[in-house]
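Asks: Structure provided below as structure tokens; questions to follow.
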Amino acid sequence: MKILVPVKRVIDHNVKIRVKTDGSGVDLANVKMSMNPFDEIAVEEAIRLKEAGKADEVVVVSIGPAQAQDVLRTALAMGADRAILITVDGTVEPLTVAKLLKGVAENEQPGLVILGKQAIDDDANQTGQMLAALLGWSQATFASRIDLGADRAKVTREVDGGLQVIDVRLPAIMTADLRLNQPRYASLPNIMKAKKKPLEQKTPQDFGVTVEARLRVLRTEEPAVRQGGIKVANTAELFDKLKNEAGVI
Amino acid sequence: MAILLFAEHDNAALSDQTAKALAAASRIGSDIDVLIVGKNAGSAAEEAASLAGVRSVILAEGNALEHRLAEPTAELILSLSGNYDTIVAPATTTGKNVLPRVAAMLDVMQISEITEAISADTFKRPIYAGNAIEVVQTTDAKKVLTVRTAAFPAAGKSGTAAPIKIVETGTAGAGLSSFVENIFSKSDRPELGSAKIVVSGGRALGSEESFRKVISPVADKLGAAIGASRAAVDAGYAPNDLQVGQTGKVVAPELYIACGISGAIQHLAGMKDAKVIVAINTDEEAPIFQIADYGIVGDLFEILPEMERQL
């Protein structure tokens, strides 16, 4: 079985972002970029399934600027077999990403697509579900455990009340939650080897998809800042404040 | 312009999240129908009918719909979508699972987790774990959006019950996936998402046992829900459904007591809308103190038992 893993290049999760003062967006100049952390978990899961003999090829795909090659090389260094880059400059909305991925899935015919549950930049949490809709496939979102069979898979999902186990027909779309696994670090030899792995370049036209924005971002604002309060000396003083000042207990 | 609200419930009872999403929907338009998808969900439908601002309740029941799995539920919403120009759901795990599937079937770009409705087509939503707020306007004729319920007050009760209409359900989308089981932790405590008081523990608790022994008695005395930081959940001290933060639950209680939580950005994104925040931490430089209304610098293993005695 072939597993397809889409990965997104985003601002590194350790970087404190800055909203531009003119409200035109978030400052991306000279900021460290990395693979979306949830996508890293998805790549790791695909590689583990291959190592367990349940998959025979892991293909990673990214949609973004030429520099998105870096995150694809990272995925190849982790253990993915080959990469596809669909070059697009600027913001690509989840719906367009899903349309492009549909084209990739139709070419590649994977048995399983694993995505991160959301990207840490736009926090949309949509692409996997949209791709499942466009392909008419089953979906198992927010996965914390995947038991892959030949034509079905049992997936444990993180849901509001706790965990939910569902059984899905393959081919399927799955999205990775935080606790699915702990991604590995690529070793230096594997990073060197990854440079020689195949990376194919494509354009949206190759899939007959027009990149268009349905949403207009009118402005980007700083969130309201919450003012810090006071330190209290002990619990007696705390309860006094909570009762008589804040009135919450 | 009519609005379809995909309700959150567990068949037996309506979730408070639905009333909050209804408050958001009523800022967009007035003809709001609440859709209850499930099985034996009549009582949830009746509760929905009693909410103020509901035009009617649509009850769709079937075996494949009992657990609101994404594929049949999205097909059902799609079949009803012709009568509506806006489709709304609370951003619960069910809403987040189902609605993007509906949006893609309608060829619409969803707007996720709105925190404010500025007009019928313009919304505010947090990005970058709440470190920036985007004001977005959709150009799609049909609008599909999820609501961050912590940002809205719950809609109240109405004097007269709205009519409940039962719709026939087909088999579209069934068979792609099937429900196996729910592994839900049983608790007599209030639900984390709607509790008035939340007591939350972090990595400083050190173990599952001390998390339980130190956090639970105080939560019990206060009648509070229990929350946890991502670090505590990752370390196995608390189950995943207690996680508060950008990727967990977003809560806005009257009182949030953060115990041994340093205040990572992604945690703050999940609780900074609480009315009053109390922080207990040994490190007086911890970022959590920058947003806490009341802070105590000290050892939570001494402070929490003392709080329990005083309550």
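Residues are named by chain letter and number: chains run A, B, ... in the order of the structure tokens, numbers start at 1 in each chain, and ligands are numbered from 1 in the order shown.
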Which residues are near Val88 (chain B)? Cut-off 8 Å, only C-alpha atoms, ignore same chain within fewer than 2 positions. Put them as a PyMOL selection string.

Replies: chain B and resi 3-6+21+25+86+90+144-147

Asks: Keeping only all heavy atoms, write the selected residues to a file as an mmCIF file, in the first residue's frame.

Replies:
```
data_model
loop_
_atom_site.group_PDB
_atom_site.id
_atom_site.type_symbol
_atom_site.label_atom_id
_atom_site.label_comp_id
_atom_site.auth_asym_id
_atom_site.auth_seq_id
_atom_site.Cartn_x
_atom_site.Cartn_y
_atom_site.Cartn_z
ATOM 1 N N ILE B 3 -30.692 30.297 8.298
ATOM 2 C CA ILE B 3 -29.462 29.717 8.832
ATOM 3 C C ILE B 3 -29.769 28.325 9.366
ATOM 4 O O ILE B 3 -30.764 28.120 10.064
ATOM 5 C CB ILE B 3 -28.909 30.590 9.980
ATOM 6 C CG1 ILE B 3 -28.585 31.997 9.470
ATOM 7 C CG2 ILE B 3 -27.672 29.945 10.615
ATOM 8 C CD1 ILE B 3 -28.248 32.995 10.552
ATOM 9 N N LEU B 4 -28.905 27.365 9.024
ATOM 10 C CA LEU B 4 -29.024 26.017 9.570
ATOM 11 C C LEU B 4 -27.927 25.836 10.613
ATOM 12 O O LEU B 4 -26.748 26.000 10.316
ATOM 13 C CB LEU B 4 -28.876 24.971 8.455
ATOM 14 C CG LEU B 4 -29.078 23.510 8.905
ATOM 15 C CD1 LEU B 4 -30.528 23.256 9.303
ATOM 16 C CD2 LEU B 4 -28.664 22.543 7.786
ATOM 17 N N LEU B 5 -28.345 25.496 11.839
ATOM 18 C CA LEU B 5 -27.370 25.286 12.922
ATOM 19 C C LEU B 5 -27.295 23.795 13.234
ATOM 20 O O LEU B 5 -28.268 23.190 13.681
ATOM 21 C CB LEU B 5 -27.799 26.077 14.169
ATOM 22 C CG LEU B 5 -27.070 25.780 15.487
ATOM 23 C CD1 LEU B 5 -25.571 26.002 15.368
ATOM 24 C CD2 LEU B 5 -27.628 26.643 16.613
ATOM 25 N N PHE B 6 -26.129 23.206 12.979
ATOM 26 C CA PHE B 6 -25.891 21.783 13.249
ATOM 27 C C PHE B 6 -25.574 21.636 14.738
ATOM 28 O O PHE B 6 -24.542 22.092 15.210
ATOM 29 C CB PHE B 6 -24.737 21.293 12.357
ATOM 30 C CG PHE B 6 -24.274 19.892 12.639
ATOM 31 C CD1 PHE B 6 -25.162 18.833 12.679
ATOM 32 C CD2 PHE B 6 -22.926 19.635 12.846
ATOM 33 C CE1 PHE B 6 -24.716 17.532 12.936
ATOM 34 C CE2 PHE B 6 -22.470 18.345 13.096
ATOM 35 C CZ PHE B 6 -23.365 17.293 13.150
ATOM 36 N N ALA B 21 -23.561 28.588 20.134
ATOM 37 C CA ALA B 21 -23.472 28.752 18.679
ATOM 38 C C ALA B 21 -24.724 29.449 18.148
ATOM 39 O O ALA B 21 -24.668 30.214 17.178
ATOM 40 C CB ALA B 21 -23.282 27.395 17.999
ATOM 41 N N ALA B 25 -25.127 32.620 15.785
ATOM 42 C CA ALA B 25 -25.940 32.593 14.562
ATOM 43 C C ALA B 25 -26.943 33.749 14.542
ATOM 44 O O ALA B 25 -27.197 34.341 13.491
ATOM 45 C CB ALA B 25 -26.671 31.253 14.455
ATOM 46 N N THR B 86 -26.636 30.070 5.091
ATOM 47 C CA THR B 86 -25.538 29.961 6.059
ATOM 48 C C THR B 86 -25.701 28.665 6.840
ATOM 49 O O THR B 86 -26.802 28.321 7.265
ATOM 50 C CB THR B 86 -25.549 31.163 7.035
ATOM 51 O OG1 THR B 86 -25.505 32.372 6.274
ATOM 52 C CG2 THR B 86 -24.362 31.124 7.984
ATOM 53 N N PRO B 90 -21.163 24.601 16.222
ATOM 54 C CA PRO B 90 -20.156 24.895 17.241
ATOM 55 C C PRO B 90 -18.874 24.140 16.896
ATOM 56 O O PRO B 90 -18.937 23.041 16.340
ATOM 57 C CB PRO B 90 -20.785 24.368 18.540
ATOM 58 C CG PRO B 90 -21.837 23.392 18.115
ATOM 59 C CD PRO B 90 -22.297 23.815 16.752
ATOM 60 N N VAL B 144 -20.287 28.751 5.239
ATOM 61 C CA VAL B 144 -20.167 27.626 6.158
ATOM 62 C C VAL B 144 -19.182 28.041 7.237
ATOM 63 O O VAL B 144 -18.056 28.425 6.921
ATOM 64 C CB VAL B 144 -19.660 26.362 5.418
ATOM 65 C CG1 VAL B 144 -19.452 25.219 6.400
ATOM 66 C CG2 VAL B 144 -20.637 25.951 4.321
ATOM 67 N N LEU B 145 -19.614 28.009 8.492
ATOM 68 C CA LEU B 145 -18.697 28.441 9.536
ATOM 69 C C LEU B 145 -18.867 27.682 10.841
ATOM 70 O O LEU B 145 -19.940 27.203 11.162
ATOM 71 C CB LEU B 145 -18.803 29.949 9.788
ATOM 72 C CG LEU B 145 -20.152 30.621 9.784
ATOM 73 C CD1 LEU B 145 -20.512 31.035 11.186
ATOM 74 C CD2 LEU B 145 -20.073 31.857 8.911
ATOM 75 N N THR B 146 -17.750 27.578 11.571
ATOM 76 C CA THR B 146 -17.812 27.016 12.912
ATOM 77 C C THR B 146 -17.572 28.136 13.914
ATOM 78 O O THR B 146 -16.952 29.147 13.598
ATOM 79 C CB THR B 146 -16.788 25.885 13.133
ATOM 80 O OG1 THR B 146 -15.469 26.400 12.983
ATOM 81 C CG2 THR B 146 -17.010 24.738 12.158
ATOM 82 N N VAL B 147 -18.104 27.930 15.125
ATOM 83 C CA VAL B 147 -18.115 28.975 16.136
ATOM 84 C C VAL B 147 -17.267 28.556 17.327
ATOM 85 O O VAL B 147 -17.435 27.454 17.865
ATOM 86 C CB VAL B 147 -19.564 29.219 16.635
ATOM 87 C CG1 VAL B 147 -19.590 30.222 17.775
ATOM 88 C CG2 VAL B 147 -20.447 29.671 15.480
#
```

Asks: Determine which residues of chain B sit within 6 Å of chain A, taking into account only C-alpha atoms, and present them as a PDB file with N, CA, C and O atoms, in the first residue's frame.

Replies:
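Listed below is the output, result_22.pdb:
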```
ATOM      1  N   THR B  93     -15.509  18.765  18.511  1.00  0.00           N
ATOM      2  CA  THR B  93     -14.826  17.807  17.624  1.00  0.00           C
ATOM      3  C   THR B  93     -15.783  17.287  16.551  1.00  0.00           C
ATOM      4  O   THR B  93     -15.358  17.013  15.438  1.00  0.00           O
ATOM      5  N   PRO B 100     -16.287  20.896   7.517  1.00  0.00           N
ATOM      6  CA  PRO B 100     -15.438  21.092   6.324  1.00  0.00           C
ATOM      7  C   PRO B 100     -15.802  20.123   5.194  1.00  0.00           C
ATOM      8  O   PRO B 100     -15.651  20.444   4.014  1.00  0.00           O
ATOM      9  N   ARG B 101     -16.296  18.947   5.553  1.00  0.00           N
ATOM     10  CA  ARG B 101     -16.723  17.983   4.536  1.00  0.00           C
ATOM     11  C   ARG B 101     -17.927  18.551   3.774  1.00  0.00           C
ATOM     12  O   ARG B 101     -18.006  18.452   2.553  1.00  0.00           O
ATOM     13  N   ALA B 104     -16.711  21.494   1.465  1.00  0.00           N
ATOM     14  CA  ALA B 104     -16.073  21.055   0.211  1.00  0.00           C
ATOM     15  C   ALA B 104     -17.107  20.527  -0.772  1.00  0.00           C
ATOM     16  O   ALA B 104     -17.013  20.771  -1.979  1.00  0.00           O
ATOM     17  N   MET B 109     -15.470  27.760   0.853  1.00  0.00           N
ATOM     18  CA  MET B 109     -14.355  27.831   1.785  1.00  0.00           C
ATOM     19  C   MET B 109     -14.915  28.125   3.179  1.00  0.00           C
ATOM     20  O   MET B 109     -15.525  29.163   3.409  1.00  0.00           O
ATOM     21  N   SER B 112     -13.370  29.008   9.940  1.00  0.00           N
ATOM     22  CA  SER B 112     -13.281  28.202  11.159  1.00  0.00           C
ATOM     23  C   SER B 112     -13.224  29.057  12.414  1.00  0.00           C
ATOM     24  O   SER B 112     -12.529  30.060  12.463  1.00  0.00           O
ATOM     25  N   ILE B 127      -5.934  33.285  14.602  1.00  0.00           N
ATOM     26  CA  ILE B 127      -4.939  32.482  13.880  1.00  0.00           C
ATOM     27  C   ILE B 127      -3.676  32.417  14.738  1.00  0.00           C
ATOM     28  O   ILE B 127      -3.588  33.121  15.745  1.00  0.00           O
ATOM     29  N   TYR B 128      -2.730  31.581  14.343  1.00  0.00           N
ATOM     30  CA  TYR B 128      -1.489  31.435  15.118  1.00  0.00           C
ATOM     31  C   TYR B 128      -1.774  31.264  16.608  1.00  0.00           C
ATOM     32  O   TYR B 128      -1.268  32.014  17.450  1.00  0.00           O
ATOM     33  N   ALA B 132      -2.846  36.233  16.815  1.00  0.00           N
ATOM     34  CA  ALA B 132      -3.308  37.255  15.885  1.00  0.00           C
ATOM     35  C   ALA B 132      -4.777  36.988  15.596  1.00  0.00           C
ATOM     36  O   ALA B 132      -5.252  35.861  15.724  1.00  0.00           O
ATOM     37  N   ILE B 133      -5.488  38.049  15.259  1.00  0.00           N
ATOM     38  CA  ILE B 133      -6.913  37.930  14.940  1.00  0.00           C
ATOM     39  C   ILE B 133      -7.098  38.403  13.510  1.00  0.00           C
ATOM     40  O   ILE B 133      -6.638  39.486  13.137  1.00  0.00           O
ATOM     41  N   GLU B 134      -7.757  37.553  12.712  1.00  0.00           N
ATOM     42  CA  GLU B 134      -7.960  37.875  11.313  1.00  0.00           C
ATOM     43  C   GLU B 134      -9.404  38.338  11.123  1.00  0.00           C
ATOM     44  O   GLU B 134     -10.318  37.716  11.660  1.00  0.00           O
ATOM     45  N   VAL B 135      -9.568  39.409  10.363  1.00  0.00           N
ATOM     46  CA  VAL B 135     -10.923  39.837   9.999  1.00  0.00           C
ATOM     47  C   VAL B 135     -11.130  39.381   8.559  1.00  0.00           C
ATOM     48  O   VAL B 135     -10.447  39.859   7.651  1.00  0.00           O
ATOM     49  N   VAL B 136     -12.036  38.416   8.350  1.00  0.00           N
ATOM     50  CA  VAL B 136     -12.205  37.847   7.015  1.00  0.00           C
ATOM     51  C   VAL B 136     -13.610  38.054   6.488  1.00  0.00           C
ATOM     52  O   VAL B 136     -14.589  37.966   7.219  1.00  0.00           O
ATOM     53  N   GLN B 137     -13.656  38.305   5.184  1.00  0.00           N
ATOM     54  CA  GLN B 137     -14.936  38.464   4.509  1.00  0.00           C
ATOM     55  C   GLN B 137     -15.025  37.367   3.458  1.00  0.00           C
ATOM     56  O   GLN B 137     -14.077  37.163   2.699  1.00  0.00           O
ATOM     57  N   THR B 138     -16.133  36.663   3.445  1.00  0.00           N
ATOM     58  CA  THR B 138     -16.246  35.594   2.455  1.00  0.00           C
ATOM     59  C   THR B 138     -16.936  36.105   1.202  1.00  0.00           C
ATOM     60  O   THR B 138     -17.817  36.956   1.262  1.00  0.00           O
ATOM     61  N   THR B 139     -16.502  35.563   0.054  1.00  0.00           N
ATOM     62  CA  THR B 139     -17.122  35.922  -1.220  1.00  0.00           C
ATOM     63  C   THR B 139     -18.034  34.800  -1.702  1.00  0.00           C
ATOM     64  O   THR B 139     -18.639  34.900  -2.758  1.00  0.00           O
ATOM     65  N   LEU B 176     -19.167   3.845   4.630  1.00  0.00           N
ATOM     66  CA  LEU B 176     -17.758   4.208   4.496  1.00  0.00           C
ATOM     67  C   LEU B 176     -17.021   3.995   5.813  1.00  0.00           C
ATOM     68  O   LEU B 176     -15.874   3.579   5.848  1.00  0.00           O
ATOM     69  N   SER B 177     -17.706   4.340   6.910  1.00  0.00           N
ATOM     70  CA  SER B 177     -17.081   4.115   8.207  1.00  0.00           C
ATOM     71  C   SER B 177     -18.145   3.662   9.190  1.00  0.00           C
ATOM     72  O   SER B 177     -19.335   3.868   8.970  1.00  0.00           O
ATOM     73  N   SER B 178     -17.708   3.000  10.256  1.00  0.00           N
ATOM     74  CA  SER B 178     -18.679   2.549  11.243  1.00  0.00           C
ATOM     75  C   SER B 178     -18.145   2.799  12.645  1.00  0.00           C
ATOM     76  O   SER B 178     -16.932   2.818  12.881  1.00  0.00           O
ATOM     77  N   PHE B 179     -19.087   2.980  13.550  1.00  0.00           N
ATOM     78  CA  PHE B 179     -18.754   3.265  14.946  1.00  0.00           C
ATOM     79  C   PHE B 179     -18.384   1.970  15.655  1.00  0.00           C
ATOM     80  O   PHE B 179     -19.036   0.947  15.469  1.00  0.00           O
ATOM     81  N   VAL B 180     -17.326   2.001  16.454  1.00  0.00           N
ATOM     82  CA  VAL B 180     -16.945   0.826  17.238  1.00  0.00           C
ATOM     83  C   VAL B 180     -17.277   1.058  18.715  1.00  0.00           C
ATOM     84  O   VAL B 180     -18.074   0.335  19.304  1.00  0.00           O
ATOM     85  N   GLU B 181     -16.665   2.066  19.313  1.00  0.00           N
ATOM     86  CA  GLU B 181     -16.980   2.349  20.722  1.00  0.00           C
ATOM     87  C   GLU B 181     -16.509   3.740  21.124  1.00  0.00           C
ATOM     88  O   GLU B 181     -15.628   4.320  20.487  1.00  0.00           O
ATOM     89  N   ASN B 182     -17.133   4.251  22.173  1.00  0.00           N
ATOM     90  CA  ASN B 182     -16.661   5.467  22.821  1.00  0.00           C
ATOM     91  C   ASN B 182     -15.986   5.070  24.119  1.00  0.00           C
ATOM     92  O   ASN B 182     -16.529   4.248  24.868  1.00  0.00           O
ATOM     93  N   ILE B 183     -14.808   5.637  24.372  1.00  0.00           N
ATOM     94  CA  ILE B 183     -14.143   5.393  25.653  1.00  0.00           C
ATOM     95  C   ILE B 183     -14.168   6.727  26.392  1.00  0.00           C
ATOM     96  O   ILE B 183     -13.291   7.565  26.219  1.00  0.00           O
ATOM     97  N   PHE B 184     -15.262   6.947  27.114  1.00  0.00           N
ATOM     98  CA  PHE B 184     -15.458   8.226  27.786  1.00  0.00           C
ATOM     99  C   PHE B 184     -15.198   8.058  29.274  1.00  0.00           C
ATOM    100  O   PHE B 184     -15.651   7.084  29.881  1.00  0.00           O
ATOM    101  N   ASP B 241      -9.024  14.382  27.034  1.00  0.00           N
ATOM    102  CA  ASP B 241     -10.208  15.236  26.949  1.00  0.00           C
ATOM    103  C   ASP B 241     -10.183  16.359  27.985  1.00  0.00           C
ATOM    104  O   ASP B 241     -11.065  17.209  27.993  1.00  0.00           O
ATOM    105  N   GLN B 290       1.631  36.924  34.115  1.00  0.00           N
ATOM    106  CA  GLN B 290       1.402  38.156  33.353  1.00  0.00           C
ATOM    107  C   GLN B 290      -0.070  38.343  32.984  1.00  0.00           C
ATOM    108  O   GLN B 290      -0.498  39.441  32.640  1.00  0.00           O
ATOM    109  N   ILE B 291      -0.839  37.258  33.000  1.00  0.00           N
ATOM    110  CA  ILE B 291      -2.254  37.403  32.633  1.00  0.00           C
ATOM    111  C   ILE B 291      -3.181  37.059  33.795  1.00  0.00           C
ATOM    112  O   ILE B 291      -4.390  37.196  33.685  1.00  0.00           O
ATOM    113  N   ALA B 292      -2.600  36.590  34.920  1.00  0.00           N
ATOM    114  CA  ALA B 292      -3.439  36.178  36.054  1.00  0.00           C
ATOM    115  C   ALA B 292      -3.914  37.402  36.835  1.00  0.00           C
ATOM    116  O   ALA B 292      -3.183  38.363  37.009  1.00  0.00           O
ATOM    117  N   ASP B 293      -5.167  37.351  37.296  1.00  0.00           N
ATOM    118  CA  ASP B 293      -5.679  38.434  38.129  1.00  0.00           C
ATOM    119  C   ASP B 293      -5.101  38.320  39.532  1.00  0.00           C
ATOM    120  O   ASP B 293      -4.802  39.322  40.168  1.00  0.00           O
ATOM    121  N   TYR B 294      -4.983  37.085  40.008  1.00  0.00           N
ATOM    122  CA  TYR B 294      -4.411  36.849  41.330  1.00  0.00           C
ATOM    123  C   TYR B 294      -3.391  35.727  41.217  1.00  0.00           C
ATOM    124  O   TYR B 294      -3.686  34.666  40.662  1.00  0.00           O
ATOM    125  N   GLY B 295      -2.209  35.995  41.746  1.00  0.00           N
ATOM    126  CA  GLY B 295      -1.168  34.971  41.684  1.00  0.00           C
ATOM    127  C   GLY B 295      -0.642  34.661  43.066  1.00  0.00           C
ATOM    128  O   GLY B 295      -0.564  35.531  43.933  1.00  0.00           O
ATOM    129  N   ILE B 296      -0.321  33.387  43.269  1.00  0.00           N
ATOM    130  CA  ILE B 296       0.371  33.003  44.498  1.00  0.00           C
ATOM    131  C   ILE B 296       1.664  32.314  44.086  1.00  0.00           C
ATOM    132  O   ILE B 296       1.626  31.330  43.323  1.00  0.00           O
TER     133      ILE B 296
END
```

Asks: Report as a PyMOL selection string all protein, DNA and RNA residues lying within 10 Å of Gly79 (chain A), evaluated on only C-alpha atoms, omitting residues in the same chain fewer than 6 positions from it.

Replies: chain A and resi 43-44+46-48+50-51+57-59+73+184+186+190-191+193-194

Asks: Which of region 13-240 of chain A counts as alpha helix (DSSP H) under DSSP, as a ChimeraX atom specification please?

Replies: /A:37-51,69-78,94-108,127-135,188-194,235-240

Asks: Compile the contact shell of region 237-240 of chain B as a PyMOL selection string: residues with an atom at most 12 Å away, counting only C-alpha atoms, same-chain residues fewer than 3 positions apart removed.

Replies: (chain A and resi 142-144+157-164+177-180) or (chain B and resi 183-186+200-216+226-234+243-245+247-249)

Asks: Would you save the residues from that selection as a PDB file, in the first residue's frame, using C-alpha atoms?

Replies:
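What landed in selection-v4.pdb:
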```pdb
ATOM      1  CA  PHE A 142      -7.922  13.631  15.160  1.00  0.00           C
ATOM      2  CA  ALA A 143      -6.346  10.167  15.238  1.00  0.00           C
ATOM      3  CA  SER A 144      -4.377   9.064  18.292  1.00  0.00           C
ATOM      4  CA  ARG A 157      -9.931   9.503  17.675  1.00  0.00           C
ATOM      5  CA  GLU A 158      -9.512  12.217  20.297  1.00  0.00           C
ATOM      6  CA  VAL A 159     -13.001  13.668  20.769  1.00  0.00           C
ATOM      7  CA  ASP A 160     -14.577  16.057  23.275  1.00  0.00           C
ATOM      8  CA  GLY A 161     -15.809  13.382  25.691  1.00  0.00           C
ATOM      9  CA  GLY A 162     -12.658  11.235  25.550  1.00  0.00           C
ATOM     10  CA  LEU A 163     -11.787   8.736  22.830  1.00  0.00           C
ATOM     11  CA  GLN A 164     -13.873   7.325  19.993  1.00  0.00           C
ATOM     12  CA  ASP A 177      -3.606  14.502  16.525  1.00  0.00           C
ATOM     13  CA  LEU A 178      -0.804  15.302  18.977  1.00  0.00           C
ATOM     14  CA  ARG A 179      -0.567  11.969  20.708  1.00  0.00           C
ATOM     15  CA  LEU A 180      -0.457   9.706  17.667  1.00  0.00           C
TER      16      LEU A 180
ATOM     17  CA  ILE B 183     -14.143   5.393  25.653  1.00  0.00           C
ATOM     18  CA  PHE B 184     -15.458   8.226  27.786  1.00  0.00           C
ATOM     19  CA  SER B 185     -14.287   8.946  31.285  1.00  0.00           C
ATOM     20  CA  LYS B 186     -17.233   8.951  33.668  1.00  0.00           C
ATOM     21  CA  SER B 200      -6.289  23.019  35.907  1.00  0.00           C
ATOM     22  CA  GLY B 201      -3.032  21.182  36.536  1.00  0.00           C
ATOM     23  CA  GLY B 202       0.283  21.251  34.722  1.00  0.00           C
ATOM     24  CA  ARG B 203       3.527  19.372  34.462  1.00  0.00           C
ATOM     25  CA  ALA B 204       4.511  20.431  37.997  1.00  0.00           C
ATOM     26  CA  LEU B 205       2.065  17.857  39.389  1.00  0.00           C
ATOM     27  CA  GLY B 206       4.676  15.230  38.539  1.00  0.00           C
ATOM     28  CA  SER B 207       2.492  12.121  38.262  1.00  0.00           C
ATOM     29  CA  GLU B 208      -0.996  10.885  37.511  1.00  0.00           C
ATOM     30  CA  GLU B 209      -1.442   9.992  41.183  1.00  0.00           C
ATOM     31  CA  SER B 210      -0.526  13.407  42.528  1.00  0.00           C
ATOM     32  CA  PHE B 211      -2.589  15.081  39.792  1.00  0.00           C
ATOM     33  CA  ARG B 212      -5.613  13.214  41.135  1.00  0.00           C
ATOM     34  CA  LYS B 213      -4.766  13.615  44.815  1.00  0.00           C
ATOM     35  CA  VAL B 214      -3.979  17.318  44.675  1.00  0.00           C
ATOM     36  CA  ILE B 215      -6.332  18.710  42.008  1.00  0.00           C
ATOM     37  CA  SER B 216      -9.489  16.631  42.580  1.00  0.00           C
ATOM     38  CA  ILE B 226     -10.787  19.715  35.949  1.00  0.00           C
ATOM     39  CA  GLY B 227      -8.479  20.813  33.150  1.00  0.00           C
ATOM     40  CA  ALA B 228      -4.883  20.110  32.252  1.00  0.00           C
ATOM     41  CA  SER B 229      -2.063  21.627  30.257  1.00  0.00           C
ATOM     42  CA  ARG B 230      -0.765  19.903  27.161  1.00  0.00           C
ATOM     43  CA  ALA B 231       2.447  19.024  29.051  1.00  0.00           C
ATOM     44  CA  ALA B 232       0.424  17.225  31.739  1.00  0.00           C
ATOM     45  CA  VAL B 233      -1.605  15.322  29.144  1.00  0.00           C
ATOM     46  CA  ASP B 234       1.472  14.411  27.081  1.00  0.00           C
ATOM     47  CA  GLN B 243      -6.544  19.376  27.699  1.00  0.00           C
ATOM     48  CA  VAL B 244      -7.087  23.122  27.646  1.00  0.00           C
ATOM     49  CA  GLY B 245      -5.357  25.045  24.864  1.00  0.00           C
ATOM     50  CA  THR B 247      -5.338  22.243  20.172  1.00  0.00           C
ATOM     51  CA  GLY B 248      -7.481  21.099  23.096  1.00  0.00           C
ATOM     52  CA  LYS B 249     -10.540  22.763  24.577  1.00  0.00           C
TER      53      LYS B 249
END
```

Asks: What is the distance between CA of Val60 (chain A) and CA of Val7 (chain A), in Å to one decimal?

Replies: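 That distance, rounded to one decimal, is 6.9 Å.
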
Asks: Using Å and a single decimal, report how far CA of Leu242 (chain B) sits from CA of Ser187 (chain B).

Replies: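 One can read the CA of Ser187 (chain B) to CA of Leu242 (chain B) distance as 11.7 Å.
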
Asks: Excluding Val113 (chain A) and its own-chain neighbours fewer than 5 positions away, which residues fall within 8 Å of it when counting only C-alpha atoms? Please give them as a ChimeraX atom specification.

Replies: /A:3-6,171-174

Asks: Taking 6 positions as the minimum chain separation for residues in the same chain, which residues sit within 9 Å of Val251 (chain B) when counting only C-alpha atoms? Answer as a list in words.

Replies: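 After dropping sequence-adjacent residues, the list is Thr149, Ala150, Ala151, Leu192, Gly193, Ser194, Ala195, Val198, Val244, Gly245, Gly270, Met271, Lys272, Asp273 and Ala274 of chain B.
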
Asks: CA of Ala89 (chain B) and CA of Leu35 (chain B) are how many Å apart?

Replies: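 Separation between CA of Ala89 (chain B) and CA of Leu35 (chain B): 9.7 Å.
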